[in-house]
>>> print(open('run.pdb').read())   # PDB, C-alpha atoms, pLDDT in the B column
ATOM      1  CA  MET A   1     -13.084   1.313  -2.104  1.00 74.00           C
ATOM      2  CA  ILE A   2      -9.308   1.176  -2.307  1.00 81.00           C
ATOM      3  CA  TYR A   3      -7.817   1.972  -5.694  1.00 86.00           C
ATOM      4  CA  ASP A   4      -4.655   0.285  -6.967  1.00 86.00           C
ATOM      5  CA  TYR A   5      -2.108   3.122  -6.898  1.00 85.00           C
ATOM      6  CA  GLN A   6       0.827   0.707  -6.774  1.00 84.00           C
ATOM      7  CA  MET A   7       0.203  -0.453 -10.342  1.00 86.00           C
ATOM      8  CA  TRP A   8      -0.863   3.035 -11.511  1.00 85.00           C
ATOM      9  CA  PHE A   9       2.174   4.979 -10.221  1.00 81.00           C
ATOM     10  CA  PRO A  10       4.859   3.635 -12.645  1.00 82.00           C
ATOM     11  CA  GLN A  11       2.844   4.738 -15.695  1.00 83.00           C
ATOM     12  CA  PHE A  12       3.252   8.419 -14.855  1.00 83.00           C
ATOM     13  CA  TYR A  13       6.073   8.795 -12.311  1.00 82.00           C
ATOM     14  CA  ASN A  14       9.678   7.677 -11.792  1.00 82.00           C
ATOM     15  CA  LYS A  15      10.306   5.879  -8.534  1.00 79.00           C
ATOM     16  CA  ASN A  16      14.079   6.402  -8.555  1.00 82.00           C
ATOM     17  CA  THR A  17      15.468   9.672  -9.823  1.00 86.00           C
ATOM     18  CA  ASN A  18      18.519  11.874  -9.261  1.00 84.00           C
ATOM     19  CA  ALA A  19      18.563  15.535  -8.309  1.00 84.00           C
ATOM     20  CA  LEU A  20      18.502  17.929 -11.255  1.00 83.00           C
ATOM     21  CA  GLU A  21      21.384  19.872  -9.702  1.00 78.00           C
ATOM     22  CA  CYS A  22      23.633  16.781 -10.054  1.00 73.00           C
ATOM     23  CA  LEU A  23      22.828  16.465 -13.754  1.00 70.00           C
ATOM     24  CA  SER A  24      23.761  20.051 -14.650  1.00 65.00           C
ATOM     25  CA  ARG A  25      26.567  20.472 -17.187  1.00 66.00           C
ATOM     26  CA  ASN A  26      27.715  23.675 -15.449  1.00 63.00           C
ATOM     27  CA  LYS A  27      29.002  21.648 -12.486  1.00 63.00           C
ATOM     28  CA  THR A  28      32.537  20.304 -12.269  1.00 62.00           C
ATOM     29  CA  LEU A  29      33.117  16.573 -12.573  1.00 59.00           C
ATOM     30  CA  LYS A  30      33.691  16.299  -8.815  1.00 58.00           C
ATOM     31  CA  GLN A  31      30.398  18.055  -8.055  1.00 58.00           C
ATOM     32  CA  ARG A  32      28.528  15.803 -10.487  1.00 56.00           C
ATOM     33  CA  ARG A  33      29.940  12.671  -8.840  1.00 57.00           C
ATOM     34  CA  THR A  34      28.040  13.431  -5.644  1.00 70.00           C
ATOM     35  CA  ILE A  35      24.740  12.262  -7.036  1.00 76.00           C
ATOM     36  CA  GLU A  36      21.798  12.975  -4.779  1.00 82.00           C
ATOM     37  CA  LYS A  37      19.115  10.302  -5.133  1.00 84.00           C
ATOM     38  CA  PHE A  38      15.463  10.843  -4.249  1.00 85.00           C
ATOM     39  CA  LEU A  39      14.712   8.984  -1.025  1.00 84.00           C
ATOM     40  CA  ILE A  40      11.307   9.713   0.467  1.00 82.00           C
ATOM     41  CA  SER A  41      12.562   8.918   3.983  1.00 87.00           C
ATOM     42  CA  LYS A  42      15.454  11.396   3.752  1.00 88.00           C
ATOM     43  CA  TYR A  43      13.405  14.485   2.955  1.00 89.00           C
ATOM     44  CA  HIS A  44      10.768  15.981   5.234  1.00 89.00           C
ATOM     45  CA  TYR A  45       9.675  19.048   3.286  1.00 91.00           C
ATOM     46  CA  PHE A  46       8.330  19.000  -0.273  1.00 89.00           C
ATOM     47  CA  GLU A  47       7.245  21.928  -2.387  1.00 89.00           C
ATOM     48  CA  CYS A  48       5.488  21.799  -5.750  1.00 86.00           C
ATOM     49  CA  VAL A  49       5.030  24.705  -8.129  1.00 81.00           C
ATOM     50  CA  SER A  50       2.346  24.506 -10.809  1.00 80.00           C
ATOM     51  CA  GLU A  51       4.596  26.240 -13.372  1.00 81.00           C
ATOM     52  CA  LYS A  52       7.139  23.403 -13.065  1.00 81.00           C
ATOM     53  CA  CYS A  53       4.880  20.419 -13.642  1.00 81.00           C
ATOM     54  CA  GLY A  54       6.354  17.148 -12.404  1.00 82.00           C
ATOM     55  CA  ILE A  55       9.276  18.752 -10.546  1.00 86.00           C
ATOM     56  CA  ILE A  56       9.387  18.960  -6.751  1.00 87.00           C
ATOM     57  CA  GLU A  57      11.750  20.777  -4.445  1.00 89.00           C
ATOM     58  CA  ALA A  58      12.743  18.645  -1.459  1.00 90.00           C
ATOM     59  CA  SER A  59      14.713  19.566   1.646  1.00 91.00           C
ATOM     60  CA  GLU A  60      15.490  17.848   4.912  1.00 91.00           C
ATOM     61  CA  PHE A  61      14.012  20.684   6.986  1.00 90.00           C
ATOM     62  CA  ILE A  62      11.138  23.129   6.556  1.00 88.00           C
ATOM     63  CA  ASP A  63      12.515  26.078   4.561  1.00 83.00           C
ATOM     64  CA  GLY A  64      15.959  24.461   4.787  1.00 84.00           C
ATOM     65  CA  ILE A  65      19.014  26.107   3.252  1.00 87.00           C
ATOM     66  CA  ILE A  66      19.946  23.037   1.227  1.00 85.00           C
ATOM     67  CA  SER A  67      17.319  21.745  -1.160  1.00 87.00           C
ATOM     68  CA  ASN A  68      17.269  19.603  -4.286  1.00 87.00           C
ATOM     69  CA  HIS A  69      14.948  19.490  -7.259  1.00 88.00           C
ATOM     70  CA  PHE A  70      13.702  16.151  -8.581  1.00 89.00           C
ATOM     71  CA  LYS A  71      11.792  15.408 -11.755  1.00 87.00           C
ATOM     72  CA  LEU A  72       9.319  12.689 -10.823  1.00 84.00           C
ATOM     73  CA  ARG A  73       6.930  12.955 -13.758  1.00 85.00           C
ATOM     74  CA  LYS A  74       7.814  10.799 -16.780  1.00 83.00           C
ATOM     75  CA  ASN A  75       5.941  12.648 -19.524  1.00 78.00           C
ATOM     76  CA  ASN A  76       4.452  16.101 -18.955  1.00 73.00           C
ATOM     77  CA  ALA A  77       2.468  16.019 -22.192  1.00 71.00           C
ATOM     78  CA  MET A  78       0.406  12.985 -21.181  1.00 75.00           C
ATOM     79  CA  PRO A  79      -2.532  13.941 -18.922  1.00 79.00           C
ATOM     80  CA  ILE A  80      -2.793  12.061 -15.630  1.00 79.00           C
ATOM     81  CA  GLN A  81      -5.754   9.749 -15.238  1.00 82.00           C
ATOM     82  CA  LEU A  82      -6.441   8.448 -11.755  1.00 84.00           C
ATOM     83  CA  PRO A  83      -6.580   4.668 -11.280  1.00 85.00           C
ATOM     84  CA  LYS A  84      -9.873   2.904 -11.874  1.00 87.00           C
ATOM     85  CA  THR A  85      -8.965  -0.618 -10.801  1.00 88.00           C
ATOM     86  CA  LEU A  86      -9.653  -1.706  -7.247  1.00 88.00           C
ATOM     87  CA  VAL A  87      -7.164  -3.511  -5.028  1.00 87.00           C
ATOM     88  CA  TYR A  88      -9.866  -5.758  -3.537  1.00 84.00           C
ATOM     89  CA  THR A  89     -12.928  -6.958  -5.402  1.00 83.00           C
ATOM     90  CA  SER A  90     -14.799  -7.791  -2.186  1.00 81.00           C
ATOM     91  CA  SER A  91     -14.628  -6.597   1.390  1.00 78.00           C
ATOM     92  CA  LEU A  92     -11.940  -8.051   3.648  1.00 81.00           C
ATOM     93  CA  PRO A  93     -12.998 -10.036   6.713  1.00 86.00           C
ATOM     94  CA  ILE A  94     -12.563  -8.465  10.144  1.00 88.00           C
ATOM     95  CA  LEU A  95     -10.954 -10.378  13.000  1.00 90.00           C
ATOM     96  CA  GLU A  96     -13.543 -11.847  15.328  1.00 90.00           C
ATOM     97  CA  SER A  97     -11.910 -10.188  18.359  1.00 89.00           C
ATOM     98  CA  LYS A  98     -12.119  -6.752  16.695  1.00 90.00           C
ATOM     99  CA  MET A  99     -15.765  -7.317  15.792  1.00 90.00           C
ATOM    100  CA  LYS A 100     -16.495  -8.252  19.408  1.00 91.00           C
ATOM    101  CA  ASP A 101     -14.882  -4.994  20.582  1.00 91.00           C
ATOM    102  CA  LEU A 102     -16.875  -2.967  18.032  1.00 88.00           C
ATOM    103  CA  LYS A 103     -20.138  -4.551  19.145  1.00 88.00           C
ATOM    104  CA  GLN A 104     -19.337  -3.687  22.768  1.00 90.00           C
ATOM    105  CA  LEU A 105     -18.917  -0.045  21.718  1.00 85.00           C
ATOM    106  CA  ALA A 106     -22.305  -0.016  19.954  1.00 81.00           C
ATOM    107  CA  LYS A 107     -24.070   1.160  23.116  1.00 81.00           C
ATOM    108  CA  TYR A 108     -22.155   4.466  22.890  1.00 83.00           C
ATOM    109  CA  ILE A 109     -23.075   5.126  19.250  1.00 77.00           C
ATOM    110  CA  PRO A 110     -26.117   7.397  18.604  1.00 78.00           C
ATOM    111  CA  GLU A 111     -29.103   5.560  17.124  1.00 78.00           C
ATOM    112  CA  PRO A 112     -29.245   7.240  13.653  1.00 75.00           C
ATOM    113  CA  ALA A 113     -25.598   6.412  12.990  1.00 63.00           C
ATOM    114  CA  LEU A 114     -26.075   2.873  14.267  1.00 68.00           C
ATOM    115  CA  GLN A 115     -28.886   2.197  11.840  1.00 73.00           C
ATOM    116  CA  SER A 116     -26.940   3.062   8.708  1.00 78.00           C
ATOM    117  CA  PHE A 117     -23.169   2.760   8.813  1.00 81.00           C
ATOM    118  CA  TRP A 118     -22.557   0.606  11.878  1.00 81.00           C
ATOM    119  CA  ASN A 119     -25.178  -1.999  10.988  1.00 81.00           C
ATOM    120  CA  TYR A 120     -23.314  -2.427   7.705  1.00 84.00           C
ATOM    121  CA  ILE A 121     -20.013  -2.870   9.596  1.00 84.00           C
ATOM    122  CA  PHE A 122     -21.585  -5.439  11.936  1.00 85.00           C
ATOM    123  CA  SER A 123     -22.803  -7.452   8.936  1.00 87.00           C
ATOM    124  CA  LEU A 124     -19.309  -7.881   7.426  1.00 86.00           C
ATOM    125  CA  GLN A 125     -17.501 -11.210   7.380  1.00 86.00           C
ATOM    126  CA  THR A 126     -15.282 -12.139  10.295  1.00 87.00           C
ATOM    127  CA  LYS A 127     -12.315 -14.453  10.607  1.00 85.00           C
ATOM    128  CA  THR A 128     -10.527 -16.156  13.481  1.00 82.00           C
ATOM    129  CA  VAL A 129      -6.876 -17.074  13.824  1.00 72.00           C
ATOM    130  CA  THR A 130      -6.240 -20.503  15.361  1.00 64.00           C
ATOM    131  CA  ASN A 131      -3.437 -23.039  15.838  1.00 50.00           C
ATOM    132  CA  LEU A 132      -0.786 -20.483  16.810  1.00 51.00           C
ATOM    133  CA  LYS A 133       0.964 -23.083  19.033  1.00 51.00           C
ATOM    134  CA  GLN A 134       1.751 -25.354  16.082  1.00 50.00           C
ATOM    135  CA  GLY A 135       3.223 -22.495  14.030  1.00 51.00           C
ATOM    136  CA  LYS A 136       0.424 -22.665  11.503  1.00 53.00           C
ATOM    137  CA  ILE A 137      -2.177 -19.984  11.038  1.00 52.00           C
ATOM    138  CA  GLU A 138      -5.540 -21.116   9.819  1.00 53.00           C
ATOM    139  CA  HIS A 139      -8.221 -18.651   8.831  1.00 52.00           C
ATOM    140  CA  LYS A 140     -11.845 -19.586   9.264  1.00 52.00           C
ATOM    141  CA  ILE A 141     -14.383 -17.306   7.659  1.00 52.00           C
ATOM    142  CA  PHE A 142     -17.839 -16.947   9.160  1.00 47.00           C
ATOM    143  CA  ILE A 143     -20.781 -15.098   7.684  1.00 45.00           C
TER
END
>>> encode(input="run.pdb", output="structure tokens")
Amino acid sequence: MIYDYQMWFPQFYNKNTNALECLSRNKTLKQRRTIEKFLISKYHYFECVSEKCGIIEASEFIDGIISNHFKLRKNNAMPIQLPKTLVYTSSLPILESKMKDLKQLAKYIPEPALQSFWNYIFSLQTKTVTNLKQGKIEHKIFI
């Protein structure tokens, strides 16, 4: 089961936020103009403290000298409830070529595991991709 976190996330968290250090009134106007935005790809080290709910400390390096604090949580008073809606209501079909490869590997899987989990995997729907020369992709589903 894959839960729908993409629709759940905006209820509780801000996607785009500025560093708390840039918003401080104790800074000069010039210091406040250099607004540091939260970019997940820029920072490589994140630290959360339970006393500061919803605020993370982010730095570009592990235990880096320069770090910024970001408030990601929208409302600390509202308790977080994990998502309950699923992204897919049914299982997605597996490419026929992948299923063929999995079935070839079945001889290396121990018998108890093959009976339960892998037999379920082998019973899933498959699909093929055809007409790649014409620029069209057609999906055919087989059961």
>>> atom_distance(input="run.pdb", atom1="CA of Tyr13 in chain A", atom2="CA of Thr89 in chain A")
25.6 Å
>>> residues_around(input="run.pdb", residues="Thr85 in chain A", least_positions_apart="6", cutoff="12 Å", atoms="all atoms listed in the file", output="ChimeraX atom specification")
/A:1-8
>>> residues_around(input="run.pdb", residues="Gly64 in chain A", least_positions_apart="5", cutoff="12 Å", atoms="only C-alpha atoms", output="NGL selection string")
:A and (43-47 or 57-59)
>>> atom_distance(input="run.pdb", atom1="CA of Phe61 in chain A", atom2="CA of Lys74 in chain A")
26.5 Å
>>> residues_around(input="run.pdb", residues="Ala19 in chain A", least_positions_apart="6", cutoff="12 Å", atoms="all atoms listed in the file", output="number ranges by chain")
A: 32-39, 55-59, 67-72
>>> resolve_selection(input="run.pdb", expression="the PyMOL selection byres ((chain A and resi 124) around 12)", output="number ranges by chain")
A: 90-96, 98-99, 102, 117-123, 125-127, 141-143
>>> write_last_selection(input="run.pdb", atoms="C-alpha atoms", output="JSON list (two decimals), in the frame of the given file")
[["chain", "number", "residue", "atom", "x", "y", "z"],
["A", 90, "SER", "CA", -14.80, -7.79, -2.19],
["A", 91, "SER", "CA", -14.63, -6.60, 1.39],
["A", 92, "LEU", "CA", -11.94, -8.05, 3.65],
["A", 93, "PRO", "CA", -13.00, -10.04, 6.71],
["A", 94, "ILE", "CA", -12.56, -8.46, 10.14],
["A", 95, "LEU", "CA", -10.95, -10.38, 13.00],
["A", 96, "GLU", "CA", -13.54, -11.85, 15.33],
["A", 98, "LYS", "CA", -12.12, -6.75, 16.70],
["A", 99, "MET", "CA", -15.76, -7.32, 15.79],
["A", 102, "LEU", "CA", -16.88, -2.97, 18.03],
["A", 117, "PHE", "CA", -23.17, 2.76, 8.81],
["A", 118, "TRP", "CA", -22.56, 0.61, 11.88],
["A", 119, "ASN", "CA", -25.18, -2.00, 10.99],
["A", 120, "TYR", "CA", -23.31, -2.43, 7.70],
["A", 121, "ILE", "CA", -20.01, -2.87, 9.60],
["A", 122, "PHE", "CA", -21.58, -5.44, 11.94],
["A", 123, "SER", "CA", -22.80, -7.45, 8.94],
["A", 125, "GLN", "CA", -17.50, -11.21, 7.38],
["A", 126, "THR", "CA", -15.28, -12.14, 10.30],
["A", 127, "LYS", "CA", -12.32, -14.45, 10.61],
["A", 141, "ILE", "CA", -14.38, -17.31, 7.66],
["A", 142, "PHE", "CA", -17.84, -16.95, 9.16],
["A", 143, "ILE", "CA", -20.78, -15.10, 7.68]]
>>> atom_distance(input="run.pdb", atom1="CA of Gln115 in chain A", atom2="CA of Lys100 in chain A")
17.9 Å
>>> build_atoms(input="run.pdb", residues="range 64-84 of chain A", atoms="N, CA, C and O atoms", output="PDB file, in the frame of the given file")
ATOM      1  N   GLY A  64      14.535  24.727   4.577  1.00 84.00           N
ATOM      2  CA  GLY A  64      15.959  24.461   4.787  1.00 84.00           C
ATOM      3  C   GLY A  64      16.824  25.192   3.775  1.00 84.00           C
ATOM      4  O   GLY A  64      16.390  25.557   2.684  1.00 84.00           O
ATOM      5  N   ILE A  65      18.070  25.411   4.129  1.00 87.00           N
ATOM      6  CA  ILE A  65      19.014  26.107   3.252  1.00 87.00           C
ATOM      7  C   ILE A  65      19.363  25.237   2.055  1.00 87.00           C
ATOM      8  O   ILE A  65      19.442  25.706   0.926  1.00 87.00           O
ATOM      9  N   ILE A  66      19.571  23.965   2.294  1.00 85.00           N
ATOM     10  CA  ILE A  66      19.946  23.037   1.227  1.00 85.00           C
ATOM     11  C   ILE A  66      18.694  22.331   0.730  1.00 85.00           C
ATOM     12  O   ILE A  66      17.953  21.724   1.510  1.00 85.00           O
ATOM     13  N   SER A  67      18.459  22.437  -0.557  1.00 87.00           N
ATOM     14  CA  SER A  67      17.319  21.745  -1.160  1.00 87.00           C
ATOM     15  C   SER A  67      17.734  21.220  -2.525  1.00 87.00           C
ATOM     16  O   SER A  67      18.682  21.702  -3.130  1.00 87.00           O
ATOM     17  N   ASN A  68      17.020  20.197  -2.975  1.00 87.00           N
ATOM     18  CA  ASN A  68      17.269  19.603  -4.286  1.00 87.00           C
ATOM     19  C   ASN A  68      15.972  19.548  -5.062  1.00 87.00           C
ATOM     20  O   ASN A  68      14.893  19.472  -4.479  1.00 87.00           O
ATOM     21  N   HIS A  69      16.106  19.589  -6.375  1.00 88.00           N
ATOM     22  CA  HIS A  69      14.948  19.490  -7.259  1.00 88.00           C
ATOM     23  C   HIS A  69      14.969  18.127  -7.942  1.00 88.00           C
ATOM     24  O   HIS A  69      16.021  17.690  -8.413  1.00 88.00           O
ATOM     25  N   PHE A  70      13.806  17.473  -7.978  1.00 89.00           N
ATOM     26  CA  PHE A  70      13.702  16.151  -8.581  1.00 89.00           C
ATOM     27  C   PHE A  70      12.569  16.154  -9.601  1.00 89.00           C
ATOM     28  O   PHE A  70      11.498  16.695  -9.341  1.00 89.00           O
ATOM     29  N   LYS A  71      12.835  15.552 -10.738  1.00 87.00           N
ATOM     30  CA  LYS A  71      11.792  15.408 -11.755  1.00 87.00           C
ATOM     31  C   LYS A  71      11.195  14.011 -11.586  1.00 87.00           C
ATOM     32  O   LYS A  71      11.818  13.009 -11.914  1.00 87.00           O
ATOM     33  N   LEU A  72       9.977  13.963 -11.069  1.00 84.00           N
ATOM     34  CA  LEU A  72       9.319  12.689 -10.823  1.00 84.00           C
ATOM     35  C   LEU A  72       8.422  12.277 -11.975  1.00 84.00           C
ATOM     36  O   LEU A  72       8.222  11.100 -12.220  1.00 84.00           O
ATOM     37  N   ARG A  73       7.883  13.232 -12.681  1.00 85.00           N
ATOM     38  CA  ARG A  73       6.930  12.955 -13.758  1.00 85.00           C
ATOM     39  C   ARG A  73       7.662  12.443 -14.984  1.00 85.00           C
ATOM     40  O   ARG A  73       8.687  12.983 -15.384  1.00 85.00           O
ATOM     41  N   LYS A  74       7.169  11.381 -15.599  1.00 83.00           N
ATOM     42  CA  LYS A  74       7.814  10.799 -16.780  1.00 83.00           C
ATOM     43  C   LYS A  74       7.562  11.627 -18.029  1.00 83.00           C
ATOM     44  O   LYS A  74       8.471  11.951 -18.763  1.00 83.00           O
ATOM     45  N   ASN A  75       6.291  11.955 -18.292  1.00 78.00           N
ATOM     46  CA  ASN A  75       5.941  12.648 -19.524  1.00 78.00           C
ATOM     47  C   ASN A  75       4.931  13.742 -19.191  1.00 78.00           C
ATOM     48  O   ASN A  75       3.793  13.451 -18.847  1.00 78.00           O
ATOM     49  N   ASN A  76       5.341  14.989 -19.307  1.00 73.00           N
ATOM     50  CA  ASN A  76       4.452  16.101 -18.955  1.00 73.00           C
ATOM     51  C   ASN A  76       3.315  16.290 -19.945  1.00 73.00           C
ATOM     52  O   ASN A  76       2.296  16.875 -19.621  1.00 73.00           O
ATOM     53  N   ALA A  77       3.497  15.817 -21.170  1.00 71.00           N
ATOM     54  CA  ALA A  77       2.468  16.019 -22.192  1.00 71.00           C
ATOM     55  C   ALA A  77       1.264  15.100 -21.972  1.00 71.00           C
ATOM     56  O   ALA A  77       0.145  15.448 -22.325  1.00 71.00           O
ATOM     57  N   MET A  78       1.488  13.948 -21.384  1.00 75.00           N
ATOM     58  CA  MET A  78       0.406  12.985 -21.181  1.00 75.00           C
ATOM     59  C   MET A  78      -0.408  13.364 -19.938  1.00 75.00           C
ATOM     60  O   MET A  78       0.153  13.508 -18.854  1.00 75.00           O
ATOM     61  N   PRO A  79      -1.725  13.571 -20.089  1.00 79.00           N
ATOM     62  CA  PRO A  79      -2.532  13.941 -18.922  1.00 79.00           C
ATOM     63  C   PRO A  79      -2.666  12.769 -17.942  1.00 79.00           C
ATOM     64  O   PRO A  79      -2.726  11.610 -18.353  1.00 79.00           O
ATOM     65  N   ILE A  80      -2.682  13.101 -16.668  1.00 79.00           N
ATOM     66  CA  ILE A  80      -2.793  12.061 -15.630  1.00 79.00           C
ATOM     67  C   ILE A  80      -4.242  11.633 -15.495  1.00 79.00           C
ATOM     68  O   ILE A  80      -5.149  12.456 -15.403  1.00 79.00           O
ATOM     69  N   GLN A  81      -4.436  10.327 -15.487  1.00 82.00           N
ATOM     70  CA  GLN A  81      -5.754   9.749 -15.238  1.00 82.00           C
ATOM     71  C   GLN A  81      -5.645   8.917 -13.971  1.00 82.00           C
ATOM     72  O   GLN A  81      -4.769   8.048 -13.876  1.00 82.00           O
ATOM     73  N   LEU A  82      -6.490   9.180 -13.014  1.00 84.00           N
ATOM     74  CA  LEU A  82      -6.441   8.448 -11.755  1.00 84.00           C
ATOM     75  C   LEU A  82      -6.800   6.986 -11.970  1.00 84.00           C
ATOM     76  O   LEU A  82      -7.495   6.637 -12.921  1.00 84.00           O
ATOM     77  N   PRO A  83      -6.313   6.096 -11.093  1.00 85.00           N
ATOM     78  CA  PRO A  83      -6.580   4.668 -11.280  1.00 85.00           C
ATOM     79  C   PRO A  83      -8.060   4.347 -11.154  1.00 85.00           C
ATOM     80  O   PRO A  83      -8.793   4.989 -10.408  1.00 85.00           O
ATOM     81  N   LYS A  84      -8.478   3.330 -11.906  1.00 87.00           N
ATOM     82  CA  LYS A  84      -9.873   2.904 -11.874  1.00 87.00           C
ATOM     83  C   LYS A  84     -10.020   1.485 -11.367  1.00 87.00           C
ATOM     84  O   LYS A  84     -11.110   1.044 -11.068  1.00 87.00           O
TER      85      LYS A  84
END
